[in-house]
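**Q** Sharing input20.txt here; it has compact mmCIF, C-alpha atoms.
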```txt
# COMPACT_ATOMS: atom_id res chain seq x y z
CA MET A 1 232.59 -77.55 91.89
CA THR A 2 236.07 -76.00 92.01
CA THR A 3 237.80 -76.22 95.38
CA ILE A 4 238.78 -72.83 96.82
CA LYS A 5 242.24 -72.79 98.40
CA VAL A 6 242.11 -70.76 101.62
CA THR A 7 244.94 -69.65 103.93
CA VAL A 8 243.88 -68.42 107.38
CA TRP A 9 246.54 -66.09 108.79
CA ASN A 10 246.63 -65.14 112.45
CA GLU A 11 249.06 -63.15 114.52
CA TYR A 12 248.64 -65.82 117.25
CA ARG A 13 249.92 -63.70 120.13
CA HIS A 14 246.88 -63.16 122.36
CA GLU A 15 246.20 -66.90 122.58
CA ARG A 16 249.72 -67.59 123.84
CA GLN A 17 249.99 -64.60 126.19
CA ASN A 18 246.53 -64.37 127.74
CA GLU A 19 244.99 -67.29 129.62
CA HIS A 20 241.44 -66.06 129.10
CA VAL A 21 241.90 -65.82 125.33
CA ARG A 22 243.56 -69.24 125.31
CA SER A 23 240.53 -70.71 127.12
CA ILE A 24 238.29 -69.44 124.29
CA TYR A 25 240.63 -70.38 121.44
CA PRO A 26 242.92 -73.13 122.74
CA GLU A 27 244.12 -73.90 119.20
CA GLY A 28 244.17 -70.26 118.10
CA ILE A 29 241.72 -68.08 116.21
CA HIS A 30 243.15 -69.37 112.94
CA ASN A 31 242.19 -72.94 113.77
CA ALA A 32 238.71 -71.93 114.98
CA ILE A 33 238.04 -70.34 111.59
CA GLY A 34 239.95 -72.95 109.61
CA GLY A 35 238.17 -75.79 111.41
CA TYR A 36 234.79 -74.40 110.40
CA LEU A 37 235.82 -73.91 106.78
CA ARG A 38 237.02 -77.51 106.59
CA THR A 39 233.52 -78.70 107.52
CA ASP A 40 231.69 -76.29 105.21
CA GLY A 41 232.65 -78.03 101.97
CA GLY A 42 234.40 -76.73 98.91
CA PHE A 43 237.47 -75.39 100.71
CA GLU A 44 241.05 -76.59 100.97
CA VAL A 45 242.38 -74.92 104.11
CA ARG A 46 245.82 -74.20 105.50
CA THR A 47 246.81 -71.92 108.39
CA ALA A 48 249.77 -69.62 108.95
CA VAL A 49 250.93 -67.43 111.86
CA LEU A 50 253.21 -64.47 112.37
CA ASP A 51 256.10 -66.44 113.89
CA ASP A 52 256.29 -68.99 111.07
CA PRO A 53 259.22 -68.56 108.66
CA GLU A 54 258.24 -65.75 106.26
CA HIS A 55 255.13 -65.37 108.47
CA GLY A 56 253.88 -68.55 106.81
CA LEU A 57 253.36 -66.60 103.58
CA SER A 58 256.07 -67.87 101.28
CA ASP A 59 255.81 -67.44 97.52
CA ASP A 60 254.66 -71.04 97.25
CA VAL A 61 251.88 -70.55 99.82
CA LEU A 62 250.67 -67.29 98.28
CA ASN A 63 250.77 -68.68 94.76
CA HIS A 64 248.54 -71.55 95.89
CA THR A 65 246.08 -69.37 97.84
CA ASP A 66 242.80 -68.24 96.29
CA VAL A 67 241.63 -66.35 99.38
CA LEU A 68 243.70 -65.13 102.34
CA ILE A 69 241.97 -64.45 105.69
CA TRP A 70 243.84 -62.00 107.98
CA TRP A 71 243.54 -61.48 111.76
CA GLY A 72 246.06 -59.28 113.58
CA HIS A 73 246.22 -56.84 116.48
CA LEU A 74 249.24 -56.67 118.78
CA ALA A 75 252.02 -56.92 116.26
CA HIS A 76 251.04 -55.13 113.05
CA GLY A 77 254.47 -53.49 113.05
CA GLU A 78 256.27 -56.86 113.12
CA VAL A 79 254.89 -57.92 109.76
CA ARG A 80 257.70 -57.58 107.24
CA ASP A 81 257.21 -54.94 104.58
CA ASP A 82 258.40 -57.27 101.82
CA ILE A 83 255.75 -59.84 102.82
CA VAL A 84 253.09 -57.12 102.81
CA GLU A 85 254.16 -56.12 99.32
CA LYS A 86 253.95 -59.73 98.10
CA VAL A 87 250.43 -60.07 99.52
CA ARG A 88 249.41 -56.75 97.96
CA PHE A 89 250.71 -57.86 94.56
CA ARG A 90 248.82 -61.15 94.81
CA VAL A 91 245.59 -59.30 95.61
CA LEU A 92 246.07 -56.99 92.64
CA ASP A 93 246.67 -60.11 90.55
CA GLY A 94 243.41 -61.74 91.67
CA MET A 95 243.79 -63.31 95.13
CA GLY A 96 240.89 -62.55 97.47
CA LEU A 97 241.55 -61.01 100.90
CA ILE A 98 239.30 -61.03 103.97
CA VAL A 99 240.41 -58.74 106.80
CA LEU A 100 238.84 -59.39 110.19
CA HIS A 101 238.26 -57.13 113.21
CA SER A 102 241.48 -55.47 114.40
CA GLY A 103 243.11 -56.33 111.09
CA HIS A 104 241.79 -52.89 110.11
CA GLY A 105 245.10 -51.55 111.46
CA SER A 106 247.27 -53.96 109.48
CA LYS A 107 249.85 -52.85 106.96
CA ILE A 108 248.19 -54.82 104.17
CA PHE A 109 244.76 -53.24 104.71
CA GLU A 110 246.24 -49.74 104.85
CA SER A 111 248.38 -50.31 101.76
CA LEU A 112 245.44 -51.55 99.69
CA LEU A 113 242.99 -48.83 100.79
CA GLY A 114 245.48 -45.94 100.90
CA THR A 115 244.12 -44.29 104.06
CA LYS A 116 244.83 -44.37 107.81
CA THR A 117 242.62 -47.41 108.32
CA GLY A 118 243.68 -47.77 111.96
CA ALA A 119 241.75 -44.60 112.82
CA LEU A 120 238.36 -45.22 114.47
CA LYS A 121 236.58 -44.98 117.83
CA TRP A 122 236.65 -47.99 120.16
CA ARG A 123 235.51 -49.09 123.61
CA ASP A 124 236.00 -52.54 125.15
CA ASP A 125 233.04 -52.77 127.55
CA GLY A 126 231.44 -56.00 126.36
CA GLU A 127 228.43 -54.34 124.74
CA LYS A 128 225.67 -55.92 122.71
CA GLU A 129 226.15 -55.52 118.97
CA ARG A 130 223.59 -55.86 116.20
CA ILE A 131 225.05 -56.30 112.73
CA TRP A 132 222.31 -55.21 110.36
CA VAL A 133 222.17 -56.65 106.84
CA ILE A 134 221.60 -53.74 104.47
CA GLU A 135 222.19 -55.60 101.18
CA HIS A 136 220.05 -58.71 101.51
CA GLY A 137 220.69 -59.81 97.94
CA HIS A 138 224.47 -59.80 98.33
CA PRO A 139 226.20 -63.21 98.22
CA ILE A 140 227.98 -62.51 101.53
CA ALA A 141 224.57 -62.15 103.22
CA GLU A 142 223.21 -65.44 101.89
CA GLY A 143 221.28 -67.43 104.52
CA LEU A 144 221.19 -64.66 107.12
CA ASP A 145 218.24 -63.06 108.90
CA GLN A 146 217.76 -59.28 109.18
CA TYR A 147 220.61 -58.95 111.64
CA ILE A 148 223.20 -60.87 113.63
CA GLU A 149 223.21 -60.23 117.37
CA ILE A 150 226.41 -60.62 119.40
CA PRO A 151 225.79 -60.58 123.17
CA LYS A 152 229.16 -59.08 124.15
CA GLU A 153 231.68 -57.43 121.85
CA GLU A 154 234.21 -54.62 121.61
CA MET A 155 232.72 -51.44 120.14
CA TYR A 156 234.13 -49.86 117.00
CA GLY A 157 232.56 -46.52 116.04
CA GLU A 158 232.59 -44.01 113.20
CA ARG A 159 234.41 -42.12 111.88
CA PHE A 160 236.23 -45.15 110.42
CA GLU A 161 238.97 -43.77 108.19
CA ILE A 162 238.37 -45.84 105.06
CA PRO A 163 237.40 -44.89 101.51
CA ALA A 164 233.74 -45.41 100.69
CA PRO A 165 233.22 -49.14 100.07
CA ASP A 166 232.28 -50.33 96.61
CA GLU A 167 229.54 -52.30 98.37
CA LEU A 168 228.42 -51.98 102.00
CA VAL A 169 226.78 -55.19 103.20
CA PHE A 170 226.56 -54.67 106.99
CA ILE A 171 226.20 -51.80 109.45
CA SER A 172 226.63 -52.37 113.19
CA TRP A 173 224.74 -50.74 116.06
CA PHE A 174 226.16 -50.92 119.58
CA GLU A 175 224.47 -50.75 122.97
CA GLY A 176 226.27 -47.49 123.75
CA GLY A 177 224.73 -45.82 120.68
CA GLU A 178 227.52 -45.89 118.09
CA VAL A 179 227.25 -47.26 114.55
CA PHE A 180 229.95 -48.70 112.29
CA ARG A 181 230.41 -49.86 108.71
CA SER A 182 231.02 -53.53 109.47
CA GLY A 183 230.94 -55.30 106.12
CA CYS A 184 232.86 -53.47 103.41
CA CYS A 185 233.64 -54.79 99.92
CA TYR A 186 236.30 -53.42 97.60
CA ARG A 187 237.91 -54.34 94.31
CA ARG A 188 241.62 -53.75 93.95
CA GLY A 189 243.10 -54.65 90.58
CA LYS A 190 241.75 -58.12 89.76
CA GLY A 191 241.28 -59.00 93.45
CA LYS A 192 238.36 -58.61 95.84
CA LEU A 193 238.68 -57.44 99.46
CA PHE A 194 236.12 -57.88 102.25
CA TYR A 195 236.47 -56.26 105.68
CA PHE A 196 234.31 -57.85 108.40
CA ARG A 197 234.35 -56.09 111.78
CA PRO A 198 233.44 -58.59 114.58
CA GLY A 199 236.03 -60.76 116.29
CA HIS A 200 237.49 -59.35 119.51
CA GLU A 201 239.73 -62.01 121.00
CA THR A 202 238.26 -61.98 124.54
CA PHE A 203 234.81 -63.05 123.34
CA PRO A 204 233.84 -66.30 121.55
CA ILE A 205 232.88 -64.53 118.33
CA TYR A 206 234.42 -67.14 116.01
CA HIS A 207 232.34 -69.87 117.63
CA GLN A 208 229.10 -68.10 116.65
CA PRO A 209 227.52 -69.86 113.64
CA GLU A 210 226.28 -66.72 111.88
CA ILE A 211 229.70 -65.10 112.05
CA LEU A 212 231.38 -68.18 110.61
CA LYS A 213 228.74 -68.37 107.89
CA VAL A 214 229.54 -64.80 106.83
CA ILE A 215 233.24 -65.67 106.63
CA GLY A 216 232.46 -68.73 104.49
CA ASN A 217 230.21 -66.64 102.24
CA GLY A 218 232.95 -64.02 102.06
CA VAL A 219 235.50 -66.58 100.91
CA ARG A 220 233.22 -67.70 98.08
CA TRP A 221 232.59 -64.08 97.06
CA ALA A 222 236.29 -63.13 97.15
CA ALA A 223 237.57 -66.19 95.29
CA PRO A 224 239.13 -65.43 91.89
CA ALA A 225 236.73 -65.60 88.96
CA ARG A 226 237.65 -66.41 85.39
CA GLY A 227 237.44 -63.22 83.34
CA ALA A 228 238.49 -61.86 79.98
CA ASN A 229 242.08 -62.10 78.82
CA VAL A 230 244.07 -58.94 79.47
CA ALA A 231 247.07 -57.56 77.55
CA TYR A 232 249.48 -54.95 78.92
CA GLY A 233 252.31 -52.98 77.34
CA ARG A 234 253.03 -52.35 73.69
CA VAL A 235 250.90 -54.45 71.31
CA ALA A 236 250.51 -54.78 67.55
CA PRO A 237 247.42 -53.10 66.06
CA LEU A 238 244.31 -55.26 65.66
CA GLU A 239 243.42 -53.55 62.39
CA PRO A 240 245.62 -52.03 59.66
CA ILE A 241 246.54 -48.47 60.44
CA GLY A 242 246.09 -46.09 57.52
CA LYS A 243 249.07 -43.98 56.53
```
Output the file's structure in the form of structure tokens.

**A**
Amino acid sequence: MTTIKVTVWNEYRHERQNEHVRSIYPEGIHNAIGGYLRTDGGFEVRTAVLDDPEHGLSDDVLNHTDVLIWWGHLAHGEVRDDIVEKVRFRVLDGMGLIVLHSGHGSKIFESLLGTKTGALKWRDDGEKERIWVIEHGHPIAEGLDQYIEIPKEEMYGERFEIPAPDELVFISWFEGGEVFRSGCCYRRGKGKLFYFRPGHETFPIYHQPEILKVIGNGVRWAAPARGANVAYGRVAPLEPIGK
């Protein structure tokens, strides 16, 4: 089995600025996710954070990443535009991208989807969430039951300003009555993109086994696949052209 090279990127601001968040993720959200992936088998995992040189996303790192996982919230605007463009190019060239929770407002998500992806309803009241599986045969839903229940979570509600997903795997229902498209799959160029909604920093979402399983499944789904050879630009004719 081919090893999938994964980079888990995290803003890593909440964990350093908020004692409650630090108590939940003492090593950061990136290490909570990365630690799980290291035990799941088949992954080679590295982590990167916003304050690393080049945000931890140098050409060498990106060129040796099959799937990039992205969590951000407080500092979307601090992410350098040139780094965003490099990530976008790598996705178009085949690298997988998984965007988590408040990463919906990130520059990279907006640039790949082409809409105001930061626009949605929200309410942080610690409500119960049920993430319903609506495509049970999808690889990202492998091993799940009918739904995942999260006891306390931040609510995101429609309208979520995204283009219609190529595949919609999950829909969330919240205790306050709202619904949300929570598991959205896209193809951009040769790359695959998965948005997965849960993951508010003040709740232990990334310690919940079902949530981590979805992320692992998502990495496998988004990993580059060998396809047909592609030629661009001016080419010689395959057959003689009659004059």

**Q** Tell me which protein, DNA and RNA residues are within 8 Å of stretch 132-147 of chain A, counting only C-alpha atoms, leaving out same-chain ones fewer than 4 positions away, and put them as number ranges by chain.

**A** A: 168-173, 210, 214-215, 217-218, 221

**Q** Using atom CA of A:Arg16 and atom CA of A:His207 as the two end points, give the distance in Å to one decimal.

**A**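 So the answer is 18.6 Å.
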
**Q** Return the single residue from A:Tyr232, A:Tyr156, A:Tyr36, A:Phe196 that is closest to A:Ala119, with distances computed using all atoms listed in the file.

**A** A:Tyr156

**Q** What does the distance between atom CA of A:Ala231 and atom CA of A:Gly96 come to in Å, to one decimal place?

**A**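 According to the coordinates, atom CA of A:Ala231 and atom CA of A:Gly96 are separated by 21.4 Å.
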
**Q** Between atom CA of A:Glu153 and atom CA of A:Glu129, what is the distance in Å, rounded to a tenth?

**A** 6.5 Å

**Q** Go through A:Glu154, A:Glu149, A:Glu178, A:Asp52 and flag the residue nearest A:Pro209, using only C-alpha atoms for the distances.

**A**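 Among A:Glu154, A:Glu149, A:Glu178, A:Asp52, it is A:Glu149 that comes nearest to A:Pro209.
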
**Q** What's the 12 Å shell around A:Thr7, counting only C-alpha atoms, without same-chain residues fewer than 3 positions away, as a PDB file with C-alpha atoms, in the frame of the given file?

**A**
```
ATOM      1  CA  ILE A   4     238.780 -72.830  96.820  1.00  0.00           C
ATOM      2  CA  ASN A  10     246.630 -65.140 112.450  1.00  0.00           C
ATOM      3  CA  HIS A  30     243.150 -69.370 112.940  1.00  0.00           C
ATOM      4  CA  ASN A  31     242.190 -72.940 113.770  1.00  0.00           C
ATOM      5  CA  ILE A  33     238.040 -70.340 111.590  1.00  0.00           C
ATOM      6  CA  GLY A  34     239.950 -72.950 109.610  1.00  0.00           C
ATOM      7  CA  GLY A  35     238.170 -75.790 111.410  1.00  0.00           C
ATOM      8  CA  LEU A  37     235.820 -73.910 106.780  1.00  0.00           C
ATOM      9  CA  ARG A  38     237.020 -77.510 106.590  1.00  0.00           C
ATOM     10  CA  PHE A  43     237.470 -75.390 100.710  1.00  0.00           C
ATOM     11  CA  GLU A  44     241.050 -76.590 100.970  1.00  0.00           C
ATOM     12  CA  VAL A  45     242.380 -74.920 104.110  1.00  0.00           C
ATOM     13  CA  ARG A  46     245.820 -74.200 105.500  1.00  0.00           C
ATOM     14  CA  THR A  47     246.810 -71.920 108.390  1.00  0.00           C
ATOM     15  CA  ALA A  48     249.770 -69.620 108.950  1.00  0.00           C
ATOM     16  CA  VAL A  49     250.930 -67.430 111.860  1.00  0.00           C
ATOM     17  CA  HIS A  55     255.130 -65.370 108.470  1.00  0.00           C
ATOM     18  CA  GLY A  56     253.880 -68.550 106.810  1.00  0.00           C
ATOM     19  CA  LEU A  57     253.360 -66.600 103.580  1.00  0.00           C
ATOM     20  CA  SER A  58     256.070 -67.870 101.280  1.00  0.00           C
ATOM     21  CA  ASP A  60     254.660 -71.040  97.250  1.00  0.00           C
ATOM     22  CA  VAL A  61     251.880 -70.550  99.820  1.00  0.00           C
ATOM     23  CA  LEU A  62     250.670 -67.290  98.280  1.00  0.00           C
ATOM     24  CA  ASN A  63     250.770 -68.680  94.760  1.00  0.00           C
ATOM     25  CA  HIS A  64     248.540 -71.550  95.890  1.00  0.00           C
ATOM     26  CA  THR A  65     246.080 -69.370  97.840  1.00  0.00           C
ATOM     27  CA  ASP A  66     242.800 -68.240  96.290  1.00  0.00           C
ATOM     28  CA  VAL A  67     241.630 -66.350  99.380  1.00  0.00           C
ATOM     29  CA  LEU A  68     243.700 -65.130 102.340  1.00  0.00           C
ATOM     30  CA  ILE A  69     241.970 -64.450 105.690  1.00  0.00           C
ATOM     31  CA  TRP A  70     243.840 -62.000 107.980  1.00  0.00           C
ATOM     32  CA  TRP A  71     243.540 -61.480 111.760  1.00  0.00           C
ATOM     33  CA  VAL A  87     250.430 -60.070  99.520  1.00  0.00           C
ATOM     34  CA  MET A  95     243.790 -63.310  95.130  1.00  0.00           C
ATOM     35  CA  GLY A  96     240.890 -62.550  97.470  1.00  0.00           C
ATOM     36  CA  LEU A  97     241.550 -61.010 100.900  1.00  0.00           C
ATOM     37  CA  ILE A  98     239.300 -61.030 103.970  1.00  0.00           C
ATOM     38  CA  VAL A 219     235.500 -66.580 100.910  1.00  0.00           C
ATOM     39  CA  ALA A 223     237.570 -66.190  95.290  1.00  0.00           C
TER      40      ALA A 223
END
```

**Q** Which residues are near A:Tyr186? Cut-off 9 Å, all atoms listed in the file, ignore same chain within fewer than 6 positions. Put them as a PDB file with C-alpha atoms, keeping the file's coordinate frame.

**A**
```pdb
ATOM      1  CA  LEU A 113     242.990 -48.830 100.790  1.00  0.00           C
ATOM      2  CA  ALA A 164     233.740 -45.410 100.690  1.00  0.00           C
ATOM      3  CA  PRO A 165     233.220 -49.140 100.070  1.00  0.00           C
ATOM      4  CA  ASP A 166     232.280 -50.330  96.610  1.00  0.00           C
ATOM      5  CA  GLU A 167     229.540 -52.300  98.370  1.00  0.00           C
ATOM      6  CA  LYS A 192     238.360 -58.610  95.840  1.00  0.00           C
ATOM      7  CA  LEU A 193     238.680 -57.440  99.460  1.00  0.00           C
ATOM      8  CA  PHE A 194     236.120 -57.880 102.250  1.00  0.00           C
ATOM      9  CA  TYR A 195     236.470 -56.260 105.680  1.00  0.00           C
TER      10      TYR A 195
END
```

**Q** My structure is short of atoms at stretch 149-172 of chain A; please model N, CA, C and O atoms there, returning them as a PDB file, keeping the file's coordinate frame.

**A**
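Written output follows (selection_15.pdb):
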```pdb
ATOM      1  N   GLU A 149     223.025 -60.836 116.046  1.00  0.00           N
ATOM      2  CA  GLU A 149     223.210 -60.230 117.370  1.00  0.00           C
ATOM      3  C   GLU A 149     224.346 -60.923 118.104  1.00  0.00           C
ATOM      4  O   GLU A 149     224.380 -62.150 118.208  1.00  0.00           O
ATOM      5  N   ILE A 150     225.287 -60.128 118.595  1.00  0.00           N
ATOM      6  CA  ILE A 150     226.410 -60.620 119.400  1.00  0.00           C
ATOM      7  C   ILE A 150     226.204 -60.118 120.817  1.00  0.00           C
ATOM      8  O   ILE A 150     226.140 -58.904 121.041  1.00  0.00           O
ATOM      9  N   PRO A 151     226.120 -61.009 121.802  1.00  0.00           N
ATOM     10  CA  PRO A 151     225.790 -60.580 123.170  1.00  0.00           C
ATOM     11  C   PRO A 151     226.817 -59.641 123.781  1.00  0.00           C
ATOM     12  O   PRO A 151     226.453 -58.672 124.450  1.00  0.00           O
ATOM     13  N   LYS A 152     228.102 -59.920 123.584  1.00  0.00           N
ATOM     14  CA  LYS A 152     229.160 -59.080 124.150  1.00  0.00           C
ATOM     15  C   LYS A 152     230.277 -58.934 123.117  1.00  0.00           C
ATOM     16  O   LYS A 152     230.774 -59.930 122.589  1.00  0.00           O
ATOM     17  N   GLU A 153     230.661 -57.680 122.870  1.00  0.00           N
ATOM     18  CA  GLU A 153     231.680 -57.430 121.850  1.00  0.00           C
ATOM     19  C   GLU A 153     232.348 -56.085 122.122  1.00  0.00           C
ATOM     20  O   GLU A 153     231.804 -55.235 122.843  1.00  0.00           O
ATOM     21  N   GLU A 154     233.529 -55.898 121.582  1.00  0.00           N
ATOM     22  CA  GLU A 154     234.210 -54.620 121.610  1.00  0.00           C
ATOM     23  C   GLU A 154     233.530 -53.687 120.608  1.00  0.00           C
ATOM     24  O   GLU A 154     233.191 -54.097 119.504  1.00  0.00           O
ATOM     25  N   MET A 155     233.355 -52.423 121.021  1.00  0.00           N
ATOM     26  CA  MET A 155     232.720 -51.440 120.140  1.00  0.00           C
ATOM     27  C   MET A 155     233.758 -50.799 119.226  1.00  0.00           C
ATOM     28  O   MET A 155     234.826 -50.392 119.669  1.00  0.00           O
ATOM     29  N   TYR A 156     233.441 -50.726 117.943  1.00  0.00           N
ATOM     30  CA  TYR A 156     234.130 -49.860 117.000  1.00  0.00           C
ATOM     31  C   TYR A 156     233.102 -48.837 116.523  1.00  0.00           C
ATOM     32  O   TYR A 156     231.960 -49.202 116.203  1.00  0.00           O
ATOM     33  N   GLY A 157     233.509 -47.555 116.445  1.00  0.00           N
ATOM     34  CA  GLY A 157     232.560 -46.520 116.040  1.00  0.00           C
ATOM     35  C   GLY A 157     233.127 -45.607 114.966  1.00  0.00           C
ATOM     36  O   GLY A 157     234.339 -45.462 114.807  1.00  0.00           O
ATOM     37  N   GLU A 158     232.211 -44.987 114.223  1.00  0.00           N
ATOM     38  CA  GLU A 158     232.590 -44.010 113.200  1.00  0.00           C
ATOM     39  C   GLU A 158     233.032 -42.697 113.852  1.00  0.00           C
ATOM     40  O   GLU A 158     232.596 -42.389 114.953  1.00  0.00           O
ATOM     41  N   ARG A 159     233.957 -41.971 113.253  1.00  0.00           N
ATOM     42  CA  ARG A 159     234.410 -42.120 111.880  1.00  0.00           C
ATOM     43  C   ARG A 159     235.471 -43.211 111.741  1.00  0.00           C
ATOM     44  O   ARG A 159     236.445 -43.248 112.475  1.00  0.00           O
ATOM     45  N   PHE A 160     235.263 -44.137 110.797  1.00  0.00           N
ATOM     46  CA  PHE A 160     236.230 -45.150 110.420  1.00  0.00           C
ATOM     47  C   PHE A 160     236.928 -44.633 109.173  1.00  0.00           C
ATOM     48  O   PHE A 160     236.286 -44.376 108.160  1.00  0.00           O
ATOM     49  N   GLU A 161     238.255 -44.475 109.250  1.00  0.00           N
ATOM     50  CA  GLU A 161     238.970 -43.770 108.190  1.00  0.00           C
ATOM     51  C   GLU A 161     239.290 -44.707 107.020  1.00  0.00           C
ATOM     52  O   GLU A 161     240.424 -45.157 106.818  1.00  0.00           O
ATOM     53  N   ILE A 162     238.251 -45.005 106.249  1.00  0.00           N
ATOM     54  CA  ILE A 162     238.370 -45.840 105.060  1.00  0.00           C
ATOM     55  C   ILE A 162     237.726 -45.126 103.892  1.00  0.00           C
ATOM     56  O   ILE A 162     236.842 -44.284 104.083  1.00  0.00           O
ATOM     57  N   PRO A 163     238.150 -45.414 102.652  1.00  0.00           N
ATOM     58  CA  PRO A 163     237.400 -44.890 101.510  1.00  0.00           C
ATOM     59  C   PRO A 163     236.018 -45.536 101.450  1.00  0.00           C
ATOM     60  O   PRO A 163     235.808 -46.627 101.993  1.00  0.00           O
ATOM     61  N   ALA A 164     235.089 -44.858 100.809  1.00  0.00           N
ATOM     62  CA  ALA A 164     233.740 -45.410 100.690  1.00  0.00           C
ATOM     63  C   ALA A 164     233.798 -46.783 100.039  1.00  0.00           C
ATOM     64  O   ALA A 164     234.425 -46.950  98.988  1.00  0.00           O
ATOM     65  N   PRO A 165     233.187 -47.800 100.657  1.00  0.00           N
ATOM     66  CA  PRO A 165     233.220 -49.140 100.070  1.00  0.00           C
ATOM     67  C   PRO A 165     232.527 -49.179  98.714  1.00  0.00           C
ATOM     68  O   PRO A 165     231.590 -48.422  98.451  1.00  0.00           O
ATOM     69  N   ASP A 166     232.993 -50.089  97.858  1.00  0.00           N
ATOM     70  CA  ASP A 166     232.280 -50.330  96.610  1.00  0.00           C
ATOM     71  C   ASP A 166     230.894 -50.894  96.892  1.00  0.00           C
ATOM     72  O   ASP A 166     229.927 -50.585  96.191  1.00  0.00           O
ATOM     73  N   GLU A 167     230.819 -51.745  97.909  1.00  0.00           N
ATOM     74  CA  GLU A 167     229.540 -52.300  98.370  1.00  0.00           C
ATOM     75  C   GLU A 167     229.592 -52.365  99.892  1.00  0.00           C
ATOM     76  O   GLU A 167     230.577 -52.822 100.468  1.00  0.00           O
ATOM     77  N   LEU A 168     228.528 -51.912 100.541  1.00  0.00           N
ATOM     78  CA  LEU A 168     228.420 -51.980 102.000  1.00  0.00           C
ATOM     79  C   LEU A 168     227.322 -52.982 102.346  1.00  0.00           C
ATOM     80  O   LEU A 168     226.151 -52.757 102.044  1.00  0.00           O
ATOM     81  N   VAL A 169     227.718 -54.094 102.947  1.00  0.00           N
ATOM     82  CA  VAL A 169     226.780 -55.190 103.200  1.00  0.00           C
ATOM     83  C   VAL A 169     226.195 -55.127 104.610  1.00  0.00           C
ATOM     84  O   VAL A 169     225.026 -55.459 104.820  1.00  0.00           O
ATOM     85  N   PHE A 170     226.994 -54.689 105.587  1.00  0.00           N
ATOM     86  CA  PHE A 170     226.560 -54.670 106.990  1.00  0.00           C
ATOM     87  C   PHE A 170     226.866 -53.332 107.644  1.00  0.00           C
ATOM     88  O   PHE A 170     227.907 -52.713 107.368  1.00  0.00           O
ATOM     89  N   ILE A 171     225.960 -52.912 108.537  1.00  0.00           N
ATOM     90  CA  ILE A 171     226.200 -51.800 109.450  1.00  0.00           C
ATOM     91  C   ILE A 171     225.917 -52.289 110.871  1.00  0.00           C
ATOM     92  O   ILE A 171     224.904 -52.948 111.113  1.00  0.00           O
ATOM     93  N   SER A 172     226.807 -51.957 111.800  1.00  0.00           N
ATOM     94  CA  SER A 172     226.630 -52.370 113.190  1.00  0.00           C
ATOM     95  C   SER A 172     226.065 -51.235 114.039  1.00  0.00           C
ATOM     96  O   SER A 172     226.413 -50.062 113.859  1.00  0.00           O
TER      97      SER A 172
END
```
